[in-house]
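Raw upload15.txt, compact mmCIF, C-alpha atoms:
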```txt
# COMPACT_ATOMS: atom_id res chain seq x y z
CA MET A 171 158.68 187.01 63.00
CA PRO A 172 156.43 184.41 61.32
CA ARG A 173 152.67 184.85 61.63
CA ARG A 174 150.97 182.28 63.84
CA LYS A 175 148.55 180.00 62.08
CA ASP A 176 144.90 180.52 62.84
CA PRO A 177 143.65 177.55 64.92
CA ASP A 178 140.42 177.49 62.92
CA GLY A 179 142.28 177.21 59.62
CA PRO A 180 142.89 179.51 56.65
CA ARG A 181 139.27 179.72 55.55
CA ALA A 182 138.07 181.06 58.90
CA ALA A 183 141.07 183.39 59.03
CA MET A 184 140.22 184.84 55.61
CA ILE A 185 136.59 185.38 56.58
CA ARG A 186 137.57 187.15 59.81
CA SER A 187 140.06 189.33 57.96
CA ALA A 188 137.50 190.14 55.28
CA ILE A 189 135.00 191.25 57.94
CA SER A 190 137.58 193.52 59.55
CA LEU A 191 138.61 195.05 56.24
CA ILE A 192 135.01 195.56 55.10
CA ARG A 193 134.26 197.37 58.35
CA ARG A 194 137.17 199.73 57.75
CA ARG A 195 137.15 200.19 53.98
CA GLY A 196 133.87 198.99 52.53
CA VAL A 197 133.45 196.14 50.06
CA ALA A 198 134.80 197.80 46.92
CA ALA A 199 138.17 198.63 48.48
CA VAL A 200 138.88 195.07 49.69
CA SER A 201 140.89 192.69 47.50
CA PHE A 202 142.02 189.09 47.91
CA THR A 203 145.58 190.39 48.34
CA ASP A 204 144.44 192.53 51.27
CA VAL A 205 142.68 189.55 52.86
CA LEU A 206 145.68 187.26 52.39
CA ASN A 207 148.05 189.82 53.87
CA ALA A 208 145.79 190.39 56.85
CA SER A 209 145.03 186.71 57.50
CA GLY A 210 148.38 185.13 56.69
CA ALA A 211 146.58 182.43 54.69
CA PRO A 212 148.55 180.74 51.90
CA ARG A 213 148.01 182.37 48.52
CA GLY A 214 147.16 179.06 46.90
CA SER A 215 144.25 178.54 49.30
CA VAL A 216 142.14 181.38 47.92
CA TYR A 217 140.26 179.60 45.18
CA HIS A 218 140.40 176.30 47.03
CA HIS A 219 138.26 177.73 49.81
CA PHE A 220 136.40 180.34 47.75
CA PRO A 221 135.96 179.02 44.20
CA GLY A 222 133.41 181.77 43.62
CA GLY A 223 136.12 184.39 44.10
CA LYS A 224 135.66 187.67 45.91
CA THR A 225 131.89 187.48 45.55
CA GLN A 226 131.77 184.28 47.59
CA LEU A 227 134.24 185.54 50.20
CA VAL A 228 132.44 188.84 50.76
CA THR A 229 129.04 187.15 50.87
CA GLU A 230 130.16 184.57 53.41
CA ALA A 231 131.87 187.26 55.46
CA THR A 232 128.59 189.19 55.50
CA ARG A 233 126.67 186.13 56.64
CA VAL A 234 129.17 185.31 59.39
CA ALA A 235 129.22 188.91 60.61
CA GLY A 236 125.43 189.00 60.49
CA ALA A 237 125.18 185.83 62.57
CA ARG A 238 127.52 187.26 65.19
CA VAL A 239 125.59 190.51 65.55
CA THR A 240 122.30 188.61 65.52
CA GLY A 241 123.56 186.48 68.40
CA GLU A 242 124.45 189.60 70.39
CA LEU A 243 121.10 191.21 69.57
CA THR A 244 119.25 188.07 70.67
CA ARG A 245 121.14 188.12 73.96
CA VAL A 246 120.45 191.82 74.57
CA LEU A 247 116.75 191.41 73.81
CA GLU A 248 116.43 189.07 76.78
CA THR A 249 116.44 192.26 78.88
CA PRO A 250 112.92 192.71 80.33
CA GLU A 251 112.10 195.99 78.56
CA THR A 252 112.83 196.82 74.91
CA ALA A 253 113.97 200.37 75.76
CA ALA A 254 116.46 199.02 78.30
CA ALA A 255 117.67 196.44 75.79
CA LEU A 256 118.36 199.18 73.25
CA ARG A 257 120.35 201.10 75.88
CA GLU A 258 122.51 198.03 76.46
CA LEU A 259 122.92 197.54 72.72
CA ALA A 260 123.97 201.16 72.23
CA GLU A 261 126.58 200.83 74.95
CA THR A 262 127.93 197.69 73.25
CA LEU A 263 128.13 199.56 69.94
CA ALA A 264 129.89 202.49 71.63
CA ARG A 265 132.50 200.17 73.14
CA GLY A 266 133.10 198.66 69.70
CA LEU A 267 133.67 202.09 68.20
CA ASP A 268 136.10 202.97 70.96
CA ARG A 269 138.05 199.70 70.59
CA GLY A 270 138.33 200.31 66.86
CA ASP A 271 139.44 203.93 67.40
CA TYR A 272 136.32 205.07 65.51
CA ALA A 273 137.75 203.62 62.28
CA VAL A 274 135.30 200.72 61.95
CA GLY A 275 131.64 200.62 61.01
CA CYS A 276 128.86 198.06 60.79
CA PRO A 277 129.89 195.25 58.39
CA ILE A 278 126.28 194.64 57.38
CA ALA A 279 125.72 198.27 56.39
CA ALA A 280 129.03 198.22 54.51
CA ALA A 281 127.97 195.11 52.60
CA ALA A 282 124.56 196.62 51.85
CA LEU A 283 126.26 199.65 50.28
CA GLY A 284 128.80 197.56 48.37
CA ASN A 285 129.05 196.36 44.81
CA GLU A 286 128.49 192.62 45.32
CA PRO A 287 124.81 191.70 44.75
CA ASP A 288 124.99 188.46 46.73
CA ALA A 289 126.48 190.28 49.71
CA VAL A 290 123.82 192.98 49.39
CA ALA A 291 121.17 190.25 49.52
CA ALA A 292 122.84 188.67 52.56
CA ALA A 293 122.87 192.06 54.27
CA GLY A 294 119.20 192.53 53.48
CA ALA A 295 118.36 189.15 54.97
CA THR A 296 120.26 190.09 58.12
CA PHE A 297 118.38 193.37 58.46
CA ASP A 298 115.12 191.43 58.06
CA THR A 299 116.16 189.11 60.89
CA TRP A 300 117.01 192.04 63.16
CA ARG A 301 113.66 193.67 62.36
CA ASP A 302 111.81 190.48 63.23
CA LEU A 303 113.72 190.05 66.49
CA ILE A 304 113.06 193.61 67.64
CA ALA A 305 109.43 193.51 66.52
CA GLY A 306 108.95 190.23 68.36
CA LYS A 307 110.36 191.73 71.53
CA LEU A 308 108.03 194.74 71.25
CA VAL A 309 105.05 192.46 70.76
CA ARG A 310 106.02 190.48 73.85
CA ASP A 311 106.23 193.80 75.71
CA GLY A 312 102.68 194.60 74.62
CA ALA A 313 102.88 196.42 71.28
CA ALA A 314 100.50 195.67 68.40
CA PRO A 315 102.26 193.58 65.71
CA GLN A 316 101.96 196.12 62.88
CA ARG A 317 103.15 198.95 65.12
CA ALA A 318 105.99 196.78 66.43
CA ARG A 319 107.19 196.05 62.91
CA SER A 320 107.28 199.72 61.89
CA VAL A 321 109.05 200.73 65.09
CA ALA A 322 111.60 197.95 64.59
CA VAL A 323 112.43 199.30 61.12
CA LEU A 324 112.94 202.74 62.64
CA VAL A 325 115.12 201.34 65.42
CA ILE A 326 117.48 199.66 62.97
CA SER A 327 117.62 202.65 60.67
CA ALA A 328 118.25 205.08 63.53
CA LEU A 329 120.98 202.99 65.13
CA GLU A 330 122.79 202.47 61.82
CA GLY A 331 122.63 206.21 61.16
CA ALA A 332 123.84 207.00 64.67
CA LEU A 333 126.82 204.69 64.18
CA ILE A 334 127.84 206.67 61.12
CA VAL A 335 127.49 210.01 62.92
CA ALA A 336 129.34 208.73 66.00
CA ARG A 337 132.16 207.44 63.81
CA THR A 338 132.58 210.76 62.01
CA GLU A 339 132.41 212.74 65.25
CA ARG A 340 134.62 210.26 67.13
CA ASP A 341 132.12 210.44 69.96
CA PRO A 342 129.26 208.13 71.03
CA ALA A 343 126.92 211.05 71.79
CA ALA A 344 124.81 210.37 68.69
CA LEU A 345 124.13 206.84 69.91
CA ASP A 346 123.09 208.18 73.31
CA THR A 347 120.72 210.71 71.77
CA VAL A 348 119.16 208.25 69.35
CA VAL A 349 118.64 205.51 71.90
CA ASP A 350 117.04 208.01 74.32
CA GLU A 351 114.47 208.92 71.67
CA LEU A 352 113.97 205.30 70.66
CA GLY A 353 113.31 204.42 74.28
CA VAL A 354 110.48 206.96 74.40
CA LEU A 355 109.08 205.58 71.15
CA CYS A 356 109.24 201.97 72.32
CA ARG A 357 107.51 202.77 75.60
CA SER A 358 104.81 204.61 73.72
CA ALA A 359 104.36 201.68 71.32
CA VAL A 360 103.81 199.22 74.14
CA GLY A 361 101.36 201.56 75.85
CA THR A 362 103.39 202.32 78.97
CA GLY A 363 103.62 206.04 78.28
CA ALA A 364 106.42 208.20 76.97
CA SER A 365 108.26 208.88 80.18
CA ALA A 366 111.76 210.25 79.86
CA PRO A 367 114.36 207.48 79.52
CA VAL A 368 117.38 207.22 81.77
CA SER A 369 120.42 208.31 79.77
CA ARG A 370 123.92 207.09 80.39
CA ARG A 371 124.89 210.77 80.68
CA ASP A 372 122.29 211.26 83.45
CA GLU A 373 123.71 208.32 85.40
CA SER A 374 127.25 209.65 85.38
```

What is this file in structure tokens?
Amino acid sequence: MPRRKDPDGPRAAMIRSAISLIRRRGVAAVSFTDVLNASGAPRGSVYHHFPGGKTQLVTEATRVAGARVTGELTRVLETPETAAALRELAETLARGLDRGDYAVGCPIAAAALGNEPDAVAAAGATFDTWRDLIAGKLVRDGAAPQRARSVAVLVISALEGALIVARTERDPAALDTVVDELGVLCRSAVGTGASAPVSRRDES
């Protein structure tokens, strides 16, 4: 049965396939052959669309993936309280793990740990954007700017670590635990006290 053509064209199809493969295998284990097989793009289109080779493809895939996650993070941070926003974000991440049968990770973390310097730089820029978004939300909630920035770094680091643990355990419990503790920290940072957060487990 012939593969249906991607309505957005072969370039977009290759980028989407590269993101999926990076999430599952990491950057080093992804080749152009893998991307072509996954996307169904014509072999001759590789260097037409990506004259910079794998470096360009992986870097652009990292940027596209980063923009998608940034959009979701921006949406989630519209929630009135930072702690509640992180709970919603953790639940979104847990659903993603479940849909991927715990075989997929964060594409930005995978790019950051990869062997393509340009992709590493793109991942770093994405992490910076996430830090600024979270810090800005904390400041709007009432946190001091310097404190908000340091807490935002911790939030990103903790969530990325929890994703790894949840993936290896095939269970979202690590995300629940981490986001509970982050909720306490965020409430403390904005001066509303460190009252116990409402866990998804407590609501069930």

query: Hey, which of A:Gly353, A:Gly222, A:Gly331, A:Gly361 ends up closest to Arg317 of chain A? Count all atoms listed in the file.
result: A:Gly361

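Here atom CA of Val228 of chain A is placed at a distance of 9.7 Å from atom CA of Gly284 of chain A.
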
message: List the spatial neighbours of Val325 of chain A as a PyMOL selection string - criterion: any atom at most 12 Å away, all atoms listed in the file, same-chain residues fewer than 5 positions off excluded.
response: chain A and resi 252-253+255-257+259-260+297+300-305+308+318-320+330-332+345+348-356

- prompt: Quick one, how far is atom CA of Thr229 of chain A from atom CA of Thr296 of chain A?
  reply: 11.8 Å

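Comparing the minimum interatomic distances between Leu247 of chain A and each of A:Tyr217, A:Arg310, A:Val234, A:Ala264, counting all atoms listed in the file, we find that A:Arg310 sits nearest.
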
- request: Using all atoms listed in the file, collect all residues at a distance of at most 12 Å from (123.9, 195.9, 47.5) as written in the file, then present them as a PyMOL selection string.
  value: chain A and resi 196-198+225+228-229+232+278-295

task: Can you pull out every residue within 8 Å of Leu333 of chain A, counting only C-alpha atoms, but drop anything in the same chain fewer than 5 positions away, and send it as number ranges by chain?
output: A: 263, 275-276, 344-345

Would you compute an axis-aligned box for segment 301-306 of chain A, covering every atom listed for it in the file with 5 Å of margin on each side, and report centre and edge lengths in Å to one decimal as JSON?
```
{"center_x": 111.3, "center_y": 191.9, "center_z": 65.4, "size_x": 14.8, "size_y": 13.6, "size_z": 16.0}
```

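For the pair atom CA of Met184 of chain A and atom CA of Val239 of chain A, the interatomic distance is 18.6 Å.
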
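Here the question is which of A:Pro250, A:Thr338, A:Ala182, A:Ala208 gets nearest to Ala273 of chain A using all atoms listed in the file, and that residue is A:Thr338.
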
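Using all atoms listed in the file, the nearest neighbour of Gly210 of chain A within the list A:Ala314, A:Val309, A:Leu243, A:Ala183 is A:Ala183.
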
message: Env of Val360 of chain A: 6 Å cut, atoms = only C-alpha atoms, seq-sep filter 2 positions within chain, self excluded. Answer as a list of chain:residue names.
response: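 Within the cut-off, the hits are A:Gly312, A:Ala313, A:Arg357, A:Ser358, A:Thr362.
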
query: Could you pull the residues within 12 Å of Gly179 of chain A, counting only C-alpha atoms, minus those fewer than 6 positions along the same chain, as a PyMOL selection string?
result: chain A and resi 185-186+209-212+215+219
